[in-house]
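Student: Sending over my_file_11.csv (CSV, C-alpha atoms).
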```csv
chain,number,residue,atom,x,y,z
A,1,MET,CA,0.0,0.0,0.0
A,2,SER,CA,1.4,3.4,-0.9
A,3,THR,CA,2.0,6.1,1.8
A,4,GLU,CA,-0.7,8.2,0.2
A,5,ARG,CA,-3.3,5.4,0.4
A,6,VAL,CA,-2.3,4.7,4.1
A,7,GLN,CA,-2.8,8.3,4.9
A,8,MET,CA,-6.2,8.5,3.1
A,9,THR,CA,-7.4,5.4,5.0
A,10,LEU,CA,-6.2,6.7,8.3
A,11,ALA,CA,-7.9,10.1,7.7
A,12,ARG,CA,-11.2,8.5,6.7
A,13,SER,CA,-11.2,6.1,9.7
A,14,MET,CA,-10.2,8.8,12.2
A,15,PHE,CA,-13.0,11.0,10.9
A,16,CYS,CA,-15.5,8.1,11.3
A,17,ALA,CA,-14.3,7.3,14.7
A,18,SER,CA,-15.1,10.8,15.9
A,19,LEU,CA,-18.8,10.3,15.1
A,20,VAL,CA,-21.5,7.9,16.2
A,21,TRP,CA,-21.0,5.0,13.8
A,22,ILE,CA,-24.2,4.0,12.0
A,23,ALA,CA,-24.3,0.7,10.1
A,24,THR,CA,-27.5,-1.2,9.1
A,25,GLY,CA,-29.5,1.1,11.2
A,26,THR,CA,-27.7,0.5,14.5
A,27,ALA,CA,-25.3,2.8,16.4
A,28,TYR,CA,-22.3,0.6,16.8
A,29,ALA,CA,-19.5,2.8,18.0
A,30,ASP,CA,-18.6,6.2,19.2
A,31,SER,CA,-15.3,8.0,20.0
A,32,THR,CA,-14.9,5.9,23.2
A,33,VAL,CA,-14.6,2.6,21.3
A,34,PRO,CA,-11.1,1.8,20.0
A,35,MET,CA,-10.9,2.0,16.2
A,36,TYR,CA,-8.3,0.3,14.0
A,37,THR,CA,-7.3,0.5,10.4
A,38,TYR,CA,-4.9,-1.8,8.5
A,39,LYS,CA,-1.6,-2.0,6.7
A,40,ILE,CA,-1.4,-4.4,3.8
A,41,VAL,CA,1.6,-6.8,4.2
A,42,HIS,CA,1.0,-9.1,1.2
A,43,THR,CA,-1.6,-9.5,-1.5
A,44,TYR,CA,-2.4,-12.9,-3.0
A,45,PRO,CA,-4.7,-14.2,-5.8
A,46,HIS,CA,-8.2,-15.3,-4.8
A,47,ASP,CA,-10.8,-17.0,-7.0
A,48,PRO,CA,-13.2,-14.2,-8.1
A,49,ASN,CA,-16.0,-16.8,-8.5
A,50,ALA,CA,-15.8,-17.8,-4.8
A,51,PHE,CA,-18.7,-16.3,-2.9
A,52,THR,CA,-16.7,-16.5,0.3
A,53,GLN,CA,-18.8,-17.5,3.4
A,54,GLY,CA,-16.2,-19.1,5.7
A,55,LEU,CA,-12.4,-19.1,6.0
A,56,PHE,CA,-9.8,-20.6,8.3
A,57,PHE,CA,-6.1,-21.3,8.2
A,58,LEU,CA,-4.6,-24.7,9.1
A,59,ASP,CA,-1.2,-26.2,8.6
A,60,GLY,CA,-0.1,-23.8,5.8
A,61,PHE,CA,-3.4,-23.9,3.8
A,62,LEU,CA,-6.6,-22.0,3.7
A,63,TYR,CA,-9.9,-23.7,4.0
A,64,GLU,CA,-12.8,-21.9,2.4
A,65,SER,CA,-16.6,-22.3,2.1
A,66,THR,CA,-18.5,-20.7,-0.7
A,67,GLY,CA,-22.2,-19.9,-1.0
A,68,LEU,CA,-25.0,-19.4,-3.5
A,69,LEU,CA,-27.5,-22.1,-4.5
A,70,GLY,CA,-25.9,-24.6,-6.9
A,71,ARG,CA,-22.4,-23.1,-6.3
A,72,SER,CA,-21.8,-23.8,-2.6
A,73,SER,CA,-18.6,-25.8,-1.8
A,74,ILE,CA,-15.8,-26.3,0.7
A,75,ARG,CA,-12.3,-26.0,-0.5
A,76,LYS,CA,-8.6,-26.5,0.5
A,77,VAL,CA,-6.6,-23.7,-1.1
A,78,ARG,CA,-2.9,-22.9,-1.6
A,79,PHE,CA,-3.2,-19.3,-0.4
A,80,GLU,CA,0.0,-18.1,-2.1
A,81,THR,CA,-1.4,-18.9,-5.6
A,82,GLY,CA,-5.2,-19.2,-5.0
A,83,GLU,CA,-5.0,-22.8,-6.4
A,84,VAL,CA,-7.9,-25.0,-5.3
A,85,LEU,CA,-6.3,-28.2,-4.2
A,86,GLN,CA,-9.4,-30.0,-3.0
A,87,GLN,CA,-13.1,-29.3,-3.3
A,88,LYS,CA,-16.4,-30.7,-2.1
A,89,ASN,CA,-19.6,-29.4,-3.7
A,90,LEU,CA,-22.7,-29.1,-1.5
A,91,PRO,CA,-26.0,-30.5,-2.9
A,92,PRO,CA,-27.5,-27.7,-5.1
A,93,GLU,CA,-30.5,-27.0,-2.7
A,94,TYR,CA,-28.1,-25.8,0.1
A,95,PHE,CA,-26.6,-22.3,0.4
A,96,GLY,CA,-23.3,-22.9,2.1
A,97,GLU,CA,-22.2,-20.7,5.0
A,98,GLY,CA,-19.4,-20.8,7.6
A,99,ILE,CA,-16.9,-23.6,8.4
A,100,VAL,CA,-14.5,-24.5,11.1
A,101,ASN,CA,-12.1,-27.3,11.8
A,102,SER,CA,-12.8,-29.5,14.9
A,103,GLY,CA,-10.2,-32.1,15.3
A,104,LYS,CA,-10.0,-34.1,12.1
A,105,ARG,CA,-13.4,-32.8,10.9
A,106,ILE,CA,-14.8,-29.8,9.1
A,107,VAL,CA,-18.1,-28.5,10.6
A,108,SER,CA,-20.2,-26.5,8.2
A,109,LEU,CA,-23.4,-24.4,8.2
A,110,THR,CA,-26.0,-23.6,5.6
A,111,TRP,CA,-28.0,-20.4,5.5
A,112,ARG,CA,-31.7,-21.0,5.9
A,113,SER,CA,-32.0,-24.8,5.7
A,114,GLN,CA,-31.4,-25.3,9.5
A,115,VAL,CA,-29.0,-28.1,8.5
A,116,GLY,CA,-25.2,-28.4,8.8
A,117,PHE,CA,-22.7,-31.0,7.7
A,118,VAL,CA,-19.6,-32.6,9.1
A,119,PHE,CA,-16.8,-33.6,6.7
A,120,SER,CA,-13.5,-35.4,7.0
A,121,LEU,CA,-10.7,-32.9,7.1
A,122,ASP,CA,-8.6,-35.2,5.0
A,123,THR,CA,-11.0,-36.6,2.4
A,124,PHE,CA,-13.9,-34.1,2.5
A,125,ASN,CA,-16.2,-37.1,2.7
A,126,GLN,CA,-19.4,-36.4,4.6
A,127,GLU,CA,-19.5,-38.0,8.0
A,128,LYS,CA,-22.6,-36.5,9.5
A,129,ARG,CA,-25.6,-34.2,9.0
A,130,TRP,CA,-26.8,-32.0,12.0
A,131,GLU,CA,-29.6,-29.6,12.7
A,132,TYR,CA,-30.0,-26.3,14.5
A,133,PRO,CA,-32.7,-23.7,14.8
A,134,GLY,CA,-32.6,-20.5,12.9
A,135,GLU,CA,-30.1,-19.4,10.3
A,136,GLY,CA,-26.5,-20.3,10.0
A,137,TRP,CA,-23.9,-17.6,9.2
A,138,GLY,CA,-20.4,-17.9,10.6
A,139,LEU,CA,-18.3,-20.4,12.6
A,140,THR,CA,-15.1,-20.3,14.6
A,141,LYS,CA,-13.8,-22.0,17.7
A,142,ASN,CA,-11.8,-21.6,20.9
A,143,ASP,CA,-10.3,-24.3,23.0
A,144,LYS,CA,-13.7,-25.3,24.6
A,145,SER,CA,-16.4,-24.6,22.1
A,146,LEU,CA,-17.4,-23.9,18.5
A,147,ILE,CA,-18.8,-20.4,18.1
A,148,MET,CA,-21.6,-19.7,15.7
A,149,SER,CA,-23.3,-16.5,14.3
A,150,ASP,CA,-26.8,-16.4,12.9
A,151,GLY,CA,-27.1,-12.8,11.6
A,152,THR,CA,-28.5,-11.5,14.9
A,153,ALA,CA,-26.6,-9.8,17.8
A,154,GLU,CA,-26.0,-13.2,19.5
A,155,LEU,CA,-23.2,-15.7,19.4
A,156,ARG,CA,-24.0,-19.3,20.1
A,157,PHE,CA,-21.4,-21.6,21.8
A,158,LEU,CA,-21.6,-25.2,20.8
A,159,ASP,CA,-20.2,-28.4,22.2
A,160,PRO,CA,-17.5,-29.4,19.7
A,161,GLN,CA,-18.4,-33.1,19.9
A,162,THR,CA,-22.1,-33.2,20.0
A,163,LEU,CA,-22.7,-29.8,18.3
A,164,LYS,CA,-25.4,-29.1,21.0
A,165,GLU,CA,-25.8,-25.5,22.1
A,166,GLN,CA,-24.1,-24.6,25.4
A,167,ARG,CA,-24.9,-20.9,25.8
A,168,ARG,CA,-25.4,-17.6,24.0
A,169,VAL,CA,-23.8,-14.2,24.4
A,170,LYS,CA,-25.4,-11.0,23.2
A,171,VAL,CA,-23.0,-8.7,21.4
A,172,SER,CA,-23.1,-5.0,22.2
A,173,SER,CA,-21.3,-1.7,21.9
A,174,GLN,CA,-22.0,1.1,24.3
A,175,GLY,CA,-25.1,-0.8,25.5
A,176,LYS,CA,-26.5,-1.1,21.9
A,177,PRO,CA,-26.8,-4.5,20.1
A,178,VAL,CA,-24.5,-5.2,17.3
A,179,ASP,CA,-26.2,-7.4,14.8
A,180,GLN,CA,-25.5,-8.7,11.3
A,181,LEU,CA,-22.6,-10.8,12.8
A,182,ASN,CA,-21.3,-12.8,9.9
A,183,GLU,CA,-18.0,-14.7,9.2
A,184,LEU,CA,-16.1,-15.3,12.5
A,185,GLU,CA,-12.5,-15.9,13.5
A,186,TRP,CA,-10.8,-16.5,16.8
A,187,VAL,CA,-7.8,-14.2,17.2
A,188,LYS,CA,-5.8,-14.0,20.4
A,189,GLY,CA,-8.7,-14.5,22.8
A,190,GLU,CA,-11.2,-12.4,20.8
A,191,VAL,CA,-13.9,-13.2,18.3
A,192,PHE,CA,-13.4,-11.2,15.1
A,193,ALA,CA,-16.7,-10.8,13.2
A,194,ASN,CA,-17.5,-9.3,9.8
A,195,LEU,CA,-20.5,-7.1,10.0
A,196,TRP,CA,-22.5,-7.9,6.9
A,197,GLN,CA,-22.9,-5.1,4.3
A,198,THR,CA,-20.3,-2.9,6.1
A,199,ASN,CA,-16.5,-2.5,5.9
A,200,LEU,CA,-16.3,-3.2,9.6
A,201,ILE,CA,-14.9,-6.0,11.6
A,202,ALA,CA,-15.9,-6.2,15.3
A,203,ARG,CA,-13.5,-7.4,18.0
A,204,ILE,CA,-15.7,-9.1,20.6
A,205,ASP,CA,-15.0,-10.3,24.1
A,206,PRO,CA,-16.4,-13.8,24.1
A,207,ALA,CA,-17.2,-13.8,27.8
A,208,THR,CA,-19.3,-10.6,27.9
A,209,GLY,CA,-20.2,-9.9,24.3
A,210,LYS,CA,-18.8,-6.4,24.6
A,211,VAL,CA,-17.1,-5.0,21.5
A,212,ASN,CA,-13.5,-4.1,22.3
A,213,GLY,CA,-13.0,-2.3,19.1
A,214,PHE,CA,-13.9,-1.9,15.4
A,215,ILE,CA,-11.6,-2.4,12.4
A,216,ASP,CA,-12.4,-0.2,9.4
A,217,MET,CA,-11.4,-2.0,6.2
A,218,THR,CA,-12.6,0.8,3.9
A,219,GLY,CA,-10.6,1.0,0.7
A,220,ILE,CA,-8.7,-2.3,0.9
A,221,LEU,CA,-10.1,-3.5,-2.4
A,222,THR,CA,-9.2,-0.9,-4.9
A,223,ASP,CA,-10.7,-0.3,-8.4
A,224,GLY,CA,-7.5,-1.7,-9.8
A,225,ASP,CA,-7.7,-4.8,-7.7
A,226,SER,CA,-11.3,-5.5,-8.8
A,227,ARG,CA,-11.0,-4.6,-12.5
A,228,GLY,CA,-12.8,-7.1,-14.6
A,229,SER,CA,-14.6,-8.7,-11.7
A,230,HIS,CA,-17.8,-8.0,-9.8
A,231,PRO,CA,-17.0,-8.1,-6.1
A,232,ASP,CA,-19.5,-8.3,-3.4
A,233,VAL,CA,-19.1,-7.4,0.3
A,234,LEU,CA,-16.1,-7.8,2.7
A,235,ASN,CA,-16.4,-11.3,4.2
A,236,GLY,CA,-13.7,-13.8,5.3
A,237,ILE,CA,-11.2,-13.6,8.1
A,238,ALA,CA,-8.4,-16.2,8.7
A,239,TYR,CA,-5.7,-16.2,11.4
A,240,ASP,CA,-2.5,-18.2,11.3
A,241,ALA,CA,-1.6,-18.4,15.0
A,242,ALA,CA,1.7,-20.1,14.4
A,243,THR,CA,3.1,-17.1,12.5
A,244,ASP,CA,0.7,-14.4,13.8
A,245,ARG,CA,-0.7,-13.6,10.3
A,246,LEU,CA,-4.1,-12.2,9.7
A,247,PHE,CA,-5.9,-12.6,6.3
A,248,VAL,CA,-9.1,-11.0,4.9
A,249,THR,CA,-11.0,-11.2,1.7
A,250,GLY,CA,-14.6,-10.8,0.4
A,251,LYS,CA,-17.3,-12.4,-1.6
A,252,LEU,CA,-16.3,-12.7,-5.3
A,253,TRP,CA,-13.0,-10.8,-4.5
A,254,PRO,CA,-10.0,-11.4,-6.8
A,255,LYS,CA,-7.6,-10.8,-3.9
A,256,LEU,CA,-6.7,-12.1,-0.5
A,257,TYR,CA,-4.9,-9.7,1.8
A,258,GLU,CA,-2.5,-10.3,4.6
A,259,ILE,CA,-2.8,-7.4,7.0
A,260,GLN,CA,-1.5,-5.8,10.2
A,261,LEU,CA,-3.8,-3.8,12.4
A,262,VAL,CA,-3.1,-0.1,13.2
A,263,LYS,CA,-4.7,1.5,16.2
A,264,MET,CA,-5.9,5.0,15.5
A,265,ALA,CA,-5.6,8.0,17.8
A,266,GLN,CA,-8.8,9.1,19.4
```
As structure tokens, what does this structure read like?
Tutor:
Amino acid sequence: MSTERVQMTLARSMFCASLVWIATGTAYADSTVPMYTYKIVHTYPHDPNAFTQGLFFLDGFLYESTGLLGRSSIRKVRFETGEVLQQKNLPPEYFGEGIVNSGKRIVSLTWRSQVGFVFSLDTFNQEKRWEYPGEGWGLTKNDKSLIMSDGTAELRFLDPQTLKEQRRVKVSSQGKPVDQLNELEWVKGEVFANLWQTNLIARIDPATGKVNGFIDMTGILTDGDSRGSHPDVLNGIAYDAATDRLFVTGKLWPKLYEIQLVKMAQ
């Protein structure tokens, strides 16, 4: 990223942080909530036909789920090149959503079917079908639970073996609910959540649901990066804990970005 672009991004984000942040009709943050922007470390190719719904990093590879009816899949991807090494297509009646690894399994969600699937991490063969109430959006995990979003302001915590719900946490900022929680990632003890149809990522305390800060990703996909494609919204966060690398992308984006967070003065 050029110095000029960094300065423009910082200026925009600092201006927004001084206001009450309005997104999807809900006041999410004000000047007392920490705000972050980003620095691009590396840029990698990403399949512009992948409607990214879930993303995680494991043993040097990206695992990605894609959505849309008749186009939903789970994939193992060589992130440096964007090459899809392994792929399992979902039945055409299912709209794929988030995924997470749980032991030697991949647990997946679908959007409105109230059905999820469990696949072998190695072969992608289906091992199990499971059910849950409401919609399925994003999945991540900590060392005790799988963590699920459903488009509301709640996070569900699931038993990683039985997939039964353990508890829920309501997510809020300044006492106001933060909804539209979408793709999730566990990063250093926090849940990072894309806020659907915005350029924001919320940093959530999993114990209380309090938002510890917002990351403004405005401007990361430039017109030059998206030339010849038709990108949709920001969606997709993956963290490589072994090397402390954070990756983001979006639905139908031609690029995957490795980023570092930059805290802004308030």
Student: I need the residue nearest A:Gly138 from this list: A:Ile40, A:Leu90, A:Ile237, A:Leu221. Use all atoms listed in the file for the distance.
Tutor: A:Ile237
Student: From the options A:Tyr94, A:Trp186, A:Phe214, A:Tyr257, which residue's atoms come nearest to A:Ser172, counting all atoms listed in the file?
Tutor: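 With all atoms listed in the file as the atom set, the closest residue is A:Phe214.
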Student: I'd like the neighbourhood of stretch 60-75 of chain A as a tab-separated table (two decimals) with C-alpha atoms, keeping the file's coordinate frame, where a residue qualifies if any of its atoms comes within 7 Å (using only C-alpha atoms), though same-chain residues fewer than 2 positions away should be ignored.
Tutor:
```tsv
chain	number	residue	atom	x	y	z
A	50	ALA	CA	-15.80	-17.80	-4.80
A	51	PHE	CA	-18.70	-16.30	-2.90
A	52	THR	CA	-16.70	-16.50	0.30
A	53	GLN	CA	-18.80	-17.50	3.40
A	54	GLY	CA	-16.20	-19.10	5.70
A	55	LEU	CA	-12.40	-19.10	6.00
A	56	PHE	CA	-9.80	-20.60	8.30
A	57	PHE	CA	-6.10	-21.30	8.20
A	58	LEU	CA	-4.60	-24.70	9.10
A	77	VAL	CA	-6.60	-23.70	-1.10
A	78	ARG	CA	-2.90	-22.90	-1.60
A	79	PHE	CA	-3.20	-19.30	-0.40
A	84	VAL	CA	-7.90	-25.00	-5.30
A	86	GLN	CA	-9.40	-30.00	-3.00
A	87	GLN	CA	-13.10	-29.30	-3.30
A	88	LYS	CA	-16.40	-30.70	-2.10
A	89	ASN	CA	-19.60	-29.40	-3.70
A	90	LEU	CA	-22.70	-29.10	-1.50
A	92	PRO	CA	-27.50	-27.70	-5.10
A	93	GLU	CA	-30.50	-27.00	-2.70
A	94	TYR	CA	-28.10	-25.80	0.10
A	95	PHE	CA	-26.60	-22.30	0.40
A	96	GLY	CA	-23.30	-22.90	2.10
A	97	GLU	CA	-22.20	-20.70	5.00
A	98	GLY	CA	-19.40	-20.80	7.60
A	99	ILE	CA	-16.90	-23.60	8.40
```
Student: Please report the interatomic distance between atom CA of A:Val115 and atom CA of A:Val100 in Å with one decimal.
Tutor: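 Computing it gives 15.2 Å between the two atoms.
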Student: Could you produce a table of the residues of stretch 70-166 of chain A lying within 10 Å of stretch 195-206 of chain A, with the nearest pair of atoms per residue and their separation in Å rounded to one decimal, using all atoms listed in the file, ordered by chain and increasing residue number, as CSV?
Tutor:
```
residue,atom,partner,partner_atom,distance
A:Asn142,CA,A:Pro206,CA,9.6
A:Ile147,CA,A:Pro206,CA,9.2
A:Gly151,CA,A:Trp196,CA,8.2
A:Leu155,CA,A:Pro206,CA,8.5
A:Phe157,CA,A:Pro206,CA,9.5
```
Student: Pick out the closest residue to A:Leu158 from this set: A:Thr37, A:Thr218, A:Ser120, A:Ser102. Count all atoms listed in the file.
Tutor: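 Checking each candidate against A:Leu158, we get A:Ser102 as the closest.
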Student: In Å, with one decimal, what is the gap from atom CA of A:Lys255 to atom CA of A:Ala238?
Tutor: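 Those two atoms sit 13.7 Å apart.
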Student: Could you state the separation of atom CA of A:Val118 and atom CA of A:Ile106 in Å, given to one decimal place?
Tutor: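 If I compute the distance from atom CA of A:Val118 to atom CA of A:Ile106, I get 5.6 Å.
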